[in-house]
>>> print(open('query_28.txt').read())   # compact mmCIF, C-alpha atoms
# COMPACT_ATOMS: atom_id res chain seq x y z
CA MET A 25 -1.02 -28.72 -15.33
CA ASP A 26 -0.76 -30.82 -12.14
CA ALA A 27 -4.04 -29.49 -10.76
CA GLN A 28 -5.73 -30.20 -14.08
CA LEU A 29 -4.41 -33.76 -14.17
CA GLN A 30 -5.63 -34.22 -10.62
CA GLN A 31 -9.11 -33.21 -11.78
CA LEU A 32 -8.90 -35.84 -14.49
CA ARG A 33 -7.65 -38.49 -12.09
CA LYS A 34 -10.37 -37.69 -9.55
CA PHE A 35 -13.03 -38.00 -12.24
CA ILE A 36 -11.75 -41.32 -13.55
CA SER A 37 -11.38 -42.78 -10.04
CA LEU A 38 -15.13 -42.40 -9.49
CA ALA A 39 -15.61 -45.20 -12.00
CA GLN A 40 -12.27 -47.02 -11.98
CA PRO A 41 -9.20 -46.66 -9.75
CA ILE A 42 -5.98 -46.54 -11.76
CA PRO A 43 -2.75 -47.79 -10.11
CA GLU A 44 0.12 -45.31 -9.89
CA ALA A 45 2.34 -46.84 -12.57
CA ASP A 46 -0.48 -46.90 -15.11
CA TRP A 47 -1.55 -43.40 -14.12
CA LEU A 48 1.91 -41.98 -14.79
CA GLN A 49 1.83 -43.33 -18.33
CA PHE A 50 -1.76 -42.19 -18.83
CA ALA A 51 -1.08 -38.67 -17.52
CA GLU A 52 1.71 -38.14 -20.06
CA LEU A 53 -0.76 -38.40 -22.93
CA TRP A 54 -2.74 -35.28 -22.02
CA LYS A 55 -1.96 -31.74 -23.25
CA PRO A 56 -3.78 -28.52 -22.24
CA LEU A 57 -5.89 -26.68 -24.80
CA SER A 58 -8.06 -23.58 -24.66
CA ALA A 59 -10.61 -22.29 -27.11
CA LYS A 60 -12.79 -19.23 -27.48
CA ARG A 61 -16.57 -19.25 -27.71
CA LYS A 62 -18.10 -20.70 -30.92
CA GLU A 63 -14.93 -22.43 -32.06
CA ILE A 64 -15.38 -25.69 -33.90
CA LEU A 65 -12.91 -28.22 -32.54
CA THR A 66 -14.01 -31.05 -34.83
CA HIS A 67 -15.76 -30.40 -38.13
CA SER A 68 -18.20 -32.80 -39.68
CA GLY A 69 -16.23 -34.73 -42.31
CA GLU A 70 -12.97 -34.59 -40.30
CA LYS A 71 -11.54 -37.51 -38.36
CA GLU A 72 -11.91 -37.25 -34.60
CA ARG A 73 -8.30 -37.69 -33.51
CA TYR A 74 -8.74 -36.70 -29.89
CA LEU A 75 -10.44 -37.46 -26.63
CA TYR A 76 -11.16 -34.29 -24.67
CA PHE A 77 -11.52 -33.82 -20.94
CA VAL A 78 -13.43 -30.63 -20.18
CA LEU A 79 -11.98 -28.41 -17.46
CA GLU A 80 -13.99 -25.24 -18.08
CA GLY A 81 -16.86 -24.04 -20.21
CA GLN A 82 -19.68 -25.68 -22.14
CA GLN A 83 -19.61 -27.36 -25.54
CA ARG A 84 -21.93 -29.32 -27.79
CA VAL A 85 -21.83 -32.07 -30.38
CA TYR A 86 -24.31 -31.30 -33.15
CA TYR A 87 -25.55 -32.49 -36.50
CA GLN A 88 -26.19 -30.07 -39.31
CA ASP A 89 -27.18 -30.83 -42.87
CA ALA A 90 -27.51 -29.05 -46.20
CA ALA A 91 -31.27 -28.75 -45.69
CA GLY A 92 -30.55 -26.51 -42.68
CA ARG A 93 -31.63 -29.05 -40.09
CA GLU A 94 -29.71 -28.94 -36.86
CA ALA A 95 -29.73 -31.36 -33.92
CA THR A 96 -27.82 -30.71 -30.71
CA LEU A 97 -26.97 -34.21 -29.53
CA VAL A 98 -24.80 -33.83 -26.45
CA PHE A 99 -23.64 -31.07 -24.12
CA THR A 100 -20.27 -31.44 -22.45
CA TYR A 101 -19.04 -29.45 -19.45
CA ALA A 102 -16.62 -29.98 -16.56
CA PRO A 103 -15.93 -32.57 -15.46
CA SER A 104 -16.67 -34.82 -18.40
CA PHE A 105 -15.13 -36.21 -21.53
CA GLY A 106 -15.84 -34.63 -24.90
CA GLY A 107 -15.31 -35.00 -28.60
CA VAL A 108 -17.23 -36.96 -31.20
CA LEU A 109 -17.09 -40.38 -29.60
CA ASP A 110 -18.25 -42.67 -32.41
CA ALA A 111 -15.85 -41.12 -34.94
CA MET A 112 -13.06 -41.37 -32.36
CA LEU A 113 -13.70 -45.03 -31.57
CA GLU A 114 -14.01 -46.01 -35.22
CA GLN A 115 -11.26 -43.65 -36.41
CA ARG A 116 -13.30 -42.41 -39.32
CA ALA A 117 -14.77 -39.11 -40.51
CA SER A 118 -17.21 -37.52 -38.08
CA ASN A 119 -20.88 -36.97 -38.94
CA TYR A 120 -21.08 -34.17 -36.41
CA HIS A 121 -19.43 -30.96 -35.28
CA TYR A 122 -17.95 -30.46 -31.83
CA GLU A 123 -18.01 -26.79 -30.90
CA THR A 124 -17.53 -24.57 -27.86
CA LEU A 125 -20.50 -22.61 -26.55
CA SER A 126 -18.36 -20.55 -24.19
CA GLN A 127 -14.69 -19.83 -23.51
CA SER A 128 -13.37 -23.33 -22.75
CA SER A 129 -10.33 -25.19 -21.52
CA PHE A 130 -9.51 -28.86 -21.82
CA LEU A 131 -6.98 -31.57 -21.50
CA ARG A 132 -6.71 -33.41 -24.76
CA ALA A 133 -5.12 -36.73 -25.70
CA SER A 134 -4.61 -38.36 -29.02
CA TYR A 135 -6.91 -41.35 -29.23
CA SER A 136 -4.28 -43.51 -30.94
CA ASP A 137 -2.02 -42.98 -27.88
CA ILE A 138 -4.83 -44.02 -25.56
CA LEU A 139 -5.48 -47.08 -27.69
CA ARG A 140 -1.83 -48.11 -27.39
CA LEU A 141 -1.87 -47.71 -23.61
CA LYS A 142 -5.19 -49.57 -23.37
CA GLN A 143 -3.47 -52.66 -24.75
CA SER A 144 -0.97 -52.79 -21.90
CA SER A 145 -3.03 -51.38 -19.02
CA THR A 146 -5.99 -53.40 -17.72
CA SER A 147 -7.20 -50.48 -15.61
CA VAL A 148 -7.29 -48.06 -18.58
CA ASP A 149 -9.03 -50.78 -20.60
CA ALA A 150 -11.58 -51.30 -17.78
CA PHE A 151 -12.18 -47.56 -17.54
CA ILE A 152 -12.91 -47.22 -21.24
CA TYR A 153 -15.30 -50.18 -21.10
CA LYS A 154 -17.18 -48.71 -18.09
CA SER A 155 -17.37 -45.27 -19.72
CA LEU A 156 -18.83 -46.70 -22.90
CA SER A 157 -21.45 -48.66 -20.93
CA ALA A 158 -22.47 -45.54 -19.05
CA THR A 159 -22.66 -43.59 -22.32
CA ILE A 160 -24.92 -46.19 -23.93
CA SER A 161 -27.14 -46.20 -20.82
CA GLY A 162 -27.44 -42.43 -20.98
CA LEU A 163 -28.28 -42.47 -24.66
CA LEU A 164 -31.04 -45.07 -24.22
CA MET A 165 -32.59 -43.04 -21.39
CA ARG A 166 -32.48 -39.97 -23.58
CA MET A 167 -34.31 -41.83 -26.33
CA VAL A 168 -37.03 -42.75 -23.81
CA GLU A 169 -37.38 -39.09 -22.82
CA LEU A 170 -37.52 -37.88 -26.40
CA GLN A 171 -40.17 -40.44 -27.35
CA CYS A 172 -42.36 -40.55 -24.23
CA PHE A 173 -41.97 -37.45 -22.10
CA SER A 174 -44.05 -34.31 -22.40
CA SER A 175 -42.19 -31.07 -23.13
CA GLU A 176 -42.41 -30.07 -19.50
CA GLU A 177 -41.15 -33.45 -18.29
CA LYS A 178 -38.19 -33.24 -20.68
CA PHE A 179 -37.43 -29.72 -19.43
CA ARG A 180 -37.51 -30.85 -15.79
CA ALA A 181 -35.41 -33.94 -16.48
CA LEU A 182 -32.72 -31.75 -18.05
CA LEU A 183 -32.77 -29.41 -15.06
CA SER A 184 -32.47 -32.27 -12.59
CA ARG A 185 -29.39 -33.60 -14.41
CA SER A 186 -27.80 -30.22 -15.20
CA PRO A 187 -29.22 -27.60 -12.82
CA HIS A 188 -27.01 -24.73 -13.99
CA ILE A 189 -27.34 -25.22 -17.69
CA LEU A 190 -30.06 -22.58 -18.10
CA GLN A 191 -27.58 -19.93 -16.97
CA GLN A 192 -24.70 -21.21 -19.07
CA VAL A 193 -26.00 -22.02 -22.52
CA PRO A 194 -28.25 -20.04 -24.90
CA HIS A 195 -31.73 -21.51 -24.60
CA LYS A 196 -32.06 -22.14 -28.34
CA TYR A 197 -29.56 -25.00 -28.03
CA LEU A 198 -31.40 -26.46 -25.03
CA ALA A 199 -34.76 -26.25 -26.82
CA ASN A 200 -33.21 -27.93 -29.86
CA TYR A 201 -31.65 -30.66 -27.68
CA LEU A 202 -35.01 -31.40 -26.06
CA GLY A 203 -36.98 -31.22 -29.30
CA ILE A 204 -39.09 -28.41 -27.86
CA ASP A 205 -40.30 -25.37 -29.77
CA PRO A 206 -38.41 -22.26 -28.52
CA THR A 207 -41.69 -20.48 -27.72
CA ASN A 208 -42.78 -23.36 -25.45
CA PHE A 209 -39.35 -23.43 -23.88
CA SER A 210 -39.68 -19.72 -23.05
CA LYS A 211 -43.02 -20.41 -21.33
CA PHE A 212 -41.27 -22.83 -18.95
CA ILE A 213 -38.60 -20.23 -18.27
CA ASN A 214 -41.22 -17.59 -17.56
CA LYS A 215 -42.94 -19.96 -15.11
CA LEU A 216 -39.64 -20.61 -13.34
CA SER A 217 -38.72 -16.94 -13.12
CA ILE A 218 -41.94 -15.74 -11.56
CA MET B 30 -27.45 16.92 -33.05
CA CYS B 31 -24.80 16.62 -30.36
CA LYS B 32 -21.75 18.91 -30.02
CA LEU B 33 -18.65 18.02 -31.93
CA HIS B 34 -15.78 16.91 -29.65
CA SER B 35 -12.07 17.21 -30.32
CA MET B 36 -10.70 14.03 -31.76
CA LYS B 37 -8.34 12.12 -29.50
CA HIS B 38 -5.72 10.06 -31.21
CA SER B 39 -6.80 6.44 -30.98
CA LYS B 40 -4.53 3.82 -29.32
CA ILE B 41 -2.16 1.97 -31.63
CA LEU B 42 -3.55 -1.52 -31.89
CA THR B 43 -2.62 -4.30 -34.25
CA THR B 44 -5.45 -6.23 -35.86
CA ALA B 45 -4.91 -9.09 -33.40
CA ALA B 46 -5.01 -6.86 -30.32
CA PHE B 47 -7.98 -4.87 -31.64
CA VAL B 48 -9.99 -7.98 -32.41
CA ALA B 49 -9.09 -9.55 -29.04
CA GLU B 50 -10.36 -6.51 -27.12
CA LEU B 51 -13.62 -6.44 -29.03
CA HIS B 52 -14.05 -10.22 -28.72
CA ASP B 53 -13.71 -10.05 -24.93
CA ARG B 54 -16.31 -7.29 -24.75
CA VAL B 55 -18.82 -9.21 -26.90
CA ASP B 56 -18.20 -12.32 -24.81
CA LEU B 57 -19.14 -10.35 -21.68
CA HIS B 58 -22.32 -9.14 -23.36
CA LEU B 59 -23.19 -12.73 -24.20
CA GLN B 60 -22.54 -13.88 -20.66
CA GLN B 61 -24.91 -11.18 -19.40
CA ALA B 62 -27.62 -12.21 -21.83
CA ILE B 63 -27.21 -15.94 -21.16
CA LEU B 64 -26.92 -15.69 -17.39
CA ILE B 65 -29.51 -12.98 -16.74
CA TYR B 66 -31.68 -11.76 -19.62
CA GLN B 67 -32.82 -15.11 -21.00
CA ASN B 68 -33.67 -16.25 -17.46
CA SER B 69 -35.65 -13.17 -16.50
CA SER B 70 -39.43 -13.12 -16.50
CA GLU B 71 -41.29 -11.65 -19.45
CA GLU B 72 -42.65 -8.99 -17.16
CA GLN B 73 -39.20 -7.92 -16.05
CA LEU B 74 -37.87 -7.79 -19.59
CA ASN B 75 -40.79 -5.64 -20.74
CA ARG B 76 -40.95 -3.40 -17.71
CA THR B 77 -40.43 0.29 -18.55
CA ALA B 78 -37.52 1.89 -16.71
CA GLU B 79 -38.36 3.80 -13.52
CA ASN B 80 -37.74 7.12 -15.26
CA GLY B 81 -39.92 6.19 -18.23
CA GLY B 82 -37.01 5.04 -20.37
CA TRP B 83 -36.67 1.85 -22.39
CA SER B 84 -37.24 -1.61 -20.97
CA ILE B 85 -34.54 -4.29 -21.22
CA ALA B 86 -36.34 -5.75 -24.24
CA GLN B 87 -36.50 -2.35 -25.95
CA CYS B 88 -32.79 -1.75 -25.39
CA LEU B 89 -31.99 -5.12 -26.94
CA GLU B 90 -34.42 -4.61 -29.82
CA HIS B 91 -32.70 -1.30 -30.57
CA LEU B 92 -29.37 -3.16 -30.68
CA ASN B 93 -30.88 -5.91 -32.83
CA SER B 94 -31.90 -3.35 -35.44
CA TYR B 95 -28.26 -2.23 -35.74
CA GLY B 96 -27.07 -5.82 -35.84
CA SER B 97 -29.55 -6.66 -38.59
CA PHE B 98 -28.08 -3.86 -40.69
CA TYR B 99 -24.37 -4.30 -39.99
CA LEU B 100 -23.75 -8.02 -39.50
CA PRO B 101 -24.67 -9.07 -43.06
CA LEU B 102 -22.41 -6.27 -44.35
CA PHE B 103 -19.53 -7.46 -42.19
CA ALA B 104 -20.08 -11.04 -43.36
CA LYS B 105 -20.13 -10.01 -47.02
CA ALA B 106 -17.03 -7.84 -46.64
CA LEU B 107 -15.07 -10.59 -44.92
CA LYS B 108 -16.10 -13.16 -47.49
CA ASN B 109 -15.21 -11.11 -50.59
CA ASN B 110 -11.52 -10.32 -50.71
CA PRO B 111 -10.79 -9.74 -47.04
CA GLY B 112 -7.17 -8.66 -47.55
CA ARG B 113 -4.58 -9.02 -44.79
CA PRO B 114 -4.19 -7.95 -41.16
CA VAL B 115 -2.72 -4.51 -40.46
CA GLY B 116 -0.14 -3.25 -37.99
CA GLN B 117 -2.35 -0.41 -36.83
CA VAL B 118 -6.12 -0.36 -36.94
CA LYS B 119 -6.98 3.19 -38.02
CA ARG B 120 -9.83 5.49 -37.18
CA GLY B 121 -10.91 8.34 -39.39
CA TRP B 122 -12.65 11.45 -38.03
CA LEU B 123 -16.15 10.03 -38.57
CA GLY B 124 -15.37 6.70 -36.96
CA ASP B 125 -13.73 8.46 -34.06
CA TYR B 126 -16.70 10.82 -33.66
CA LEU B 127 -19.29 8.04 -33.71
CA ILE B 128 -17.28 5.85 -31.36
CA LYS B 129 -16.74 8.70 -28.90
CA MET B 130 -20.43 9.54 -29.04
CA MET B 131 -21.29 6.00 -28.04
CA ASP B 132 -18.73 5.84 -25.24
CA PRO B 133 -20.75 4.56 -22.28
CA ASP B 134 -18.47 6.32 -19.81
CA ARG B 135 -19.40 9.71 -21.22
CA LYS B 136 -22.13 11.77 -19.62
CA ALA B 137 -25.48 10.75 -21.05
CA VAL B 138 -27.01 13.08 -23.59
CA GLN B 139 -30.43 12.59 -25.04
CA TYR B 140 -30.58 12.02 -28.75
CA LYS B 141 -33.39 11.13 -31.02
CA ALA B 142 -32.91 7.71 -32.54
CA MET B 143 -33.46 7.22 -36.24
CA LYS B 144 -36.98 5.91 -36.84
CA LYS B 145 -35.75 2.59 -38.21
CA HIS B 146 -33.83 1.95 -34.98
CA LEU B 147 -36.68 2.83 -32.61
CA PRO B 148 -37.95 -0.24 -30.74
CA ALA B 149 -41.68 -0.99 -30.72
CA PRO B 150 -43.51 -0.31 -27.45
CA LYS B 151 -44.67 -3.95 -27.14
CA LEU B 152 -42.23 -6.76 -27.82
CA ASP B 153 -41.97 -10.56 -27.67
CA ALA B 154 -39.32 -10.28 -25.00
CA TYR B 155 -37.86 -13.79 -25.22
CA LYS B 156 -37.64 -13.64 -29.01
CA THR B 157 -35.85 -10.31 -28.68
CA VAL B 158 -33.33 -11.75 -26.21
CA ALA B 159 -32.83 -14.83 -28.38
CA LYS B 160 -32.17 -12.65 -31.43
CA PHE B 161 -29.68 -10.57 -29.46
CA ILE B 162 -27.83 -13.73 -28.38
CA GLU B 163 -27.86 -15.06 -31.95
CA GLN B 164 -26.43 -11.80 -33.28
CA GLN B 165 -23.70 -11.66 -30.63
CA GLU B 166 -22.67 -15.22 -31.47
CA GLN B 167 -22.47 -14.20 -35.13
CA LEU B 168 -20.40 -11.20 -34.11
CA ILE B 169 -17.97 -13.49 -32.25
CA GLN B 170 -17.56 -15.57 -35.39
CA LEU B 171 -17.15 -12.48 -37.59
CA LEU B 172 -14.48 -11.13 -35.25
CA ALA B 173 -12.61 -14.41 -35.58
CA ALA B 174 -12.62 -13.92 -39.37
CA ALA B 175 -11.74 -10.23 -38.99
CA GLY B 176 -8.49 -11.29 -37.32
CA SER B 177 -7.06 -12.11 -40.74
CA ALA B 178 -8.62 -9.24 -42.70
CA ASP B 179 -7.67 -5.70 -43.70
CA LEU B 180 -9.71 -3.69 -41.20
CA ASN B 181 -8.53 -0.37 -42.68
CA GLY B 182 -8.90 -1.05 -46.39
CA ILE B 183 -12.40 -2.52 -46.34
CA ARG B 184 -15.17 0.09 -46.18
CA ILE B 185 -18.78 -0.47 -45.41
CA PRO B 186 -21.87 1.78 -45.62
CA THR B 187 -23.45 3.09 -42.44
CA SER B 188 -27.14 3.04 -41.61
CA ILE B 189 -27.08 6.86 -41.64
CA SER B 190 -26.64 6.81 -45.41
CA PRO B 191 -25.10 4.38 -47.90
CA ILE B 192 -22.67 7.06 -49.11
CA ILE B 193 -21.33 7.58 -45.60
CA ARG B 194 -18.86 4.77 -45.10
CA LEU B 195 -16.70 3.53 -42.26
CA ARG B 196 -13.59 1.38 -42.24
CA LEU B 197 -14.49 -2.16 -41.24
CA GLY B 198 -12.46 -1.87 -38.01
CA GLU B 199 -14.24 1.34 -36.99
CA ALA B 200 -17.61 -0.18 -37.79
CA PHE B 201 -16.94 -3.17 -35.54
CA ALA B 202 -15.82 -0.87 -32.73
CA PHE B 203 -18.82 1.43 -33.17
CA LEU B 204 -21.31 -1.45 -33.10
CA ILE B 205 -19.80 -3.04 -30.01
CA ILE B 206 -19.40 0.17 -28.03
CA HIS B 207 -23.00 1.05 -28.94
CA ASN B 208 -24.00 -2.39 -27.62
CA GLU B 209 -22.14 -1.71 -24.39
CA ARG B 210 -23.92 1.59 -23.91
CA HIS B 211 -27.38 0.10 -24.16
CA ILE B 212 -26.54 -3.02 -22.18
CA ARG B 213 -25.54 -0.78 -19.31
CA GLN B 214 -28.81 1.04 -19.79
CA ALA B 215 -30.71 -2.28 -19.79
CA ASN B 216 -28.86 -3.39 -16.67
CA ARG B 217 -29.99 -0.34 -14.76
CA ASN B 218 -33.50 -1.81 -15.08
CA LEU B 219 -32.31 -4.85 -13.15
CA GLY B 220 -31.62 -2.96 -9.96
CA GLN B 221 -29.68 -5.62 -8.10
CA PRO B 222 -25.91 -5.20 -8.64
CA GLU B 223 -25.34 -8.97 -8.59
CA LYS B 224 -27.39 -9.25 -11.78
CA GLN B 225 -25.31 -6.64 -13.53
CA PHE B 226 -22.56 -8.66 -15.02
CA ILE B 227 -21.36 -5.55 -16.76
CA ALA B 228 -21.13 -2.65 -14.33
CA SER B 229 -23.41 0.28 -14.84
CA SER B 230 -21.47 3.33 -15.82
CA GLY B 231 -23.08 5.37 -13.05
CA VAL B 232 -24.10 7.82 -15.73
CA ALA B 233 -27.51 8.26 -14.18
CA ASN B 234 -25.86 9.62 -11.02
CA LEU B 235 -23.93 12.42 -12.71
CA PRO B 236 -25.10 15.90 -11.71
CA GLY B 237 -27.39 17.51 -14.24
CA ASN B 238 -28.66 14.17 -15.51
CA THR B 239 -32.27 14.09 -14.57
CA SER B 240 -33.19 11.56 -17.17
CA GLU B 241 -31.10 8.80 -18.50
CA LEU B 242 -30.20 8.19 -22.05
CA THR B 243 -33.15 6.72 -23.82
CA THR B 244 -32.48 7.26 -27.48
CA ILE B 245 -29.42 7.62 -29.66
CA ALA B 246 -28.85 9.39 -32.91
CA GLU B 247 -26.09 8.43 -35.30
>>> encode(input="query_28.txt", output="structure tokens")
Amino acid sequence: MDAQLQQLRKFISLAQPIPEADWLQFAELWKPLSAKRKEILTHSGEKERYLYFVLEGQQRVYYQDAAGREATLVFTYAPSFGGVLDAMLEQRASNYHYETLSQSSFLRASYSDILRLKQSSTSVDAFIYKSLSATISGLLMRMVELQCFSSEEKFRALLSRSPHILQQVPHKYLANYLGIDPTNFSKFINKLSI
Amino acid sequence: MCKLHSMKHSKILTTAAFVAELHDRVDLHLQQAILIYQNSSEEQLNRTAENGGWSIAQCLEHLNSYGSFYLPLFAKALKNNPGRPVGQVKRGWLGDYLIKMMDPDRKAVQYKAMKKHLPAPKLDAYKTVAKFIEQQEQLIQLLAAAGSADLNGIRIPTSISPIIRLRLGEAFAFLIIHNERHIRQANRNLGQPEKQFIASSGVANLPGNTSELTTIAE
């Protein structure tokens, strides 16, 4: 557990140092969790009660509707936070599913506990604010890519951000995430493999 | 048809232990497909084996044909009155026979595959790999449901004939061991050991085996 908490602390410190006293309170909130492949941690329609910190494995947040449409919105993998963020922040039912794409392990904290600590700890508050800014930045950039980039440019942008993802996640999810037809996606793979 | 072997008594496994073993095996198959097969070139996937046997794509297409038959049956069985988990997952003589026949650690014997399970000579390799991955993910989810089902009481038809039925537990084991057999065969086409996430059985090196297993009969 100690080593896992150290991973979490190291990750947070990149954005925001947390003084020892605050860290001790923050660390207490996290519990370990593991899940098998293709487990749904949060179902669409459920409240997102938790913030996840990914230690191992890959996961995705996705939308699925009755018409059979599916949109992979976000991939999470170590070290990063996970869960359905908007539902967590607003404490309401999620519009999306959060599922594992491989055997996974996490630290998980109840968001209501974090919210309580946030009120008394300026560093935890600052960290949450910085994380949300970075998330919004990332989402805007992704919108630019989806609207302006060619399929090949989108493919290369994904690889530059997440170089190992081709070997970790079934390509159908990546193609879906990029809005690329699976046949076109395979052509890029073939080019890379030759 | 192959020789009949004496039936060994199967290990005593609870539903939970049985499902866990099978889950871990399917997960390894998925890791192999995700790490290696879907990132291989089309040429490599379609390349005939050195001894004239099936390509990687053909091995996977063969497995896909079994998955297409069995997975919907598993899903239906688990949805309609699944029953409860058992203390010992049983194997009857037919299940035992089929499972032993598929055992990848056994010396390879050539069989003629049923026509409906023979892969085409030319395949869309990436589509074949994608279908294999899709089916294995379904299998993972079905195994999760199987954990709370009666794997002895539920019977399903086989692709040999609808009147020849297996217990659900045996059918899962048969399908997954059959997958293992052909994944090892596919991996021998890769050559480099570091690409073989699942170790080759070394079957091709056994004395008397001049050609490796290319086809299977049920």
>>> residues_around(input="query_28.txt", residues="Ser210 (chain A)", least_positions_apart="3", cutoff="12 Å", atoms="all atoms listed in the file", output="number ranges by chain")
A: 175-176, 179, 190, 194-196, 198-199, 204-207, 213-217; B: 66-71, 153-159
>>> closest_residue(input="query_28.txt", among="A:His188, A:Arg73, A:Lys62, A:Lys55", to="Phe130 (chain A)", atoms="all atoms listed in the file")
A:Lys55
>>> interface_residues(input="query_28.txt", of="chain B", to="chain A", cutoff="12 Å", atoms="only C-alpha atoms", output="JSON, numbers by chain")
{"B": [49, 52, 53, 55, 56, 57, 59, 60, 61, 62, 63, 64, 65, 66, 67, 68, 69, 70, 71, 72, 73, 74, 153, 154, 155, 156, 157, 158, 159, 160, 161, 162, 163, 164, 165, 166, 167, 168, 169, 170, 171, 172, 173, 174, 224]}
>>> atom_distance(input="query_28.txt", atom1="CA of Glu70 (chain A)", atom2="CA of Phe99 (chain A)")
19.7 Å
>>> residues_near_point(input="query_28.txt", point="(-12.8, -42.5, -33.0)", cutoff="9 Å", atoms="all atoms listed in the file", output="ChimeraX atom specification")
/A:71-75,108-118,135-136
>>> atom_distance(input="query_28.txt", atom1="CA of Ala133 (chain A)", atom2="CA of Arg33 (chain A)")
14.0 Å
>>> atom_distance(input="query_28.txt", atom1="CA of Ser155 (chain A)", atom2="CA of Gln49 (chain A)")
19.3 Å
>>> axis_aligned_box(input="query_28.txt", around="region 142-146 of chain B", padding_each_side="8 Å", output="AutoDock Vina command-line options")
--center_x -34.9 --center_y 4.8 --center_z -35.4 --size_x 20.1 --size_y 21.8 --size_z 21.7
>>> closest_residue(input="query_28.txt", among="A:Leu141, A:Leu79, A:Ala91, A:Leu202", to="Leu32 (chain A)", atoms="all atoms listed in the file")
A:Leu79
>>> closest_residue(input="query_28.txt", among="A:Glu169, A:Glu44, A:Asp149, A:Glu94", to="Ala181 (chain A)", atoms="only C-alpha atoms")
A:Glu169
>>> closest_residue(input="query_28.txt", among="B:Gly81, B:Glu50, B:Tyr99, B:Pro111", to="Ala178 (chain B)", atoms="all atoms listed in the file")
B:Pro111
>>> decode(input="query_28.txt", residues="region 209-220 of chain B", atoms="N, CA and C atoms", output="short mmCIF file (atom, residue, chain, number, x, y, z; two decimals), in the first residue's frame")
data_model
loop_
_atom_site.label_atom_id
_atom_site.label_comp_id
_atom_site.auth_asym_id
_atom_site.auth_seq_id
_atom_site.Cartn_x
_atom_site.Cartn_y
_atom_site.Cartn_z
N GLU B 209 -6.37 -22.49 -27.30
CA GLU B 209 -4.96 -22.57 -26.90
C GLU B 209 -4.15 -23.35 -27.93
N ARG B 210 -4.71 -24.44 -28.37
CA ARG B 210 -4.01 -25.31 -29.33
C ARG B 210 -3.64 -24.55 -30.59
N HIS B 211 -4.61 -23.82 -31.12
CA HIS B 211 -4.37 -23.13 -32.38
C HIS B 211 -3.61 -21.83 -32.22
N ILE B 212 -3.68 -21.23 -31.04
CA ILE B 212 -2.84 -20.06 -30.79
C ILE B 212 -1.38 -20.47 -30.74
N ARG B 213 -1.11 -21.60 -30.16
CA ARG B 213 0.28 -22.09 -30.16
C ARG B 213 0.72 -22.38 -31.59
N GLN B 214 -0.19 -22.93 -32.36
CA GLN B 214 0.11 -23.19 -33.77
C GLN B 214 0.39 -21.87 -34.49
N ALA B 215 -0.46 -20.87 -34.26
CA ALA B 215 -0.28 -19.55 -34.89
C ALA B 215 1.06 -18.95 -34.48
N ASN B 216 1.38 -19.10 -33.21
CA ASN B 216 2.62 -18.51 -32.69
C ASN B 216 3.86 -19.11 -33.32
N ARG B 217 3.78 -20.36 -33.73
CA ARG B 217 4.95 -20.97 -34.36
C ARG B 217 5.26 -20.29 -35.69
N ASN B 218 4.28 -19.60 -36.26
CA ASN B 218 4.51 -18.81 -37.47
C ASN B 218 5.28 -17.53 -37.19
N LEU B 219 5.34 -17.15 -35.90
CA LEU B 219 6.00 -15.90 -35.56
C LEU B 219 7.50 -16.06 -35.52
N GLY B 220 7.95 -17.25 -35.15
CA GLY B 220 9.40 -17.48 -35.14
C GLY B 220 10.05 -16.99 -33.88
#
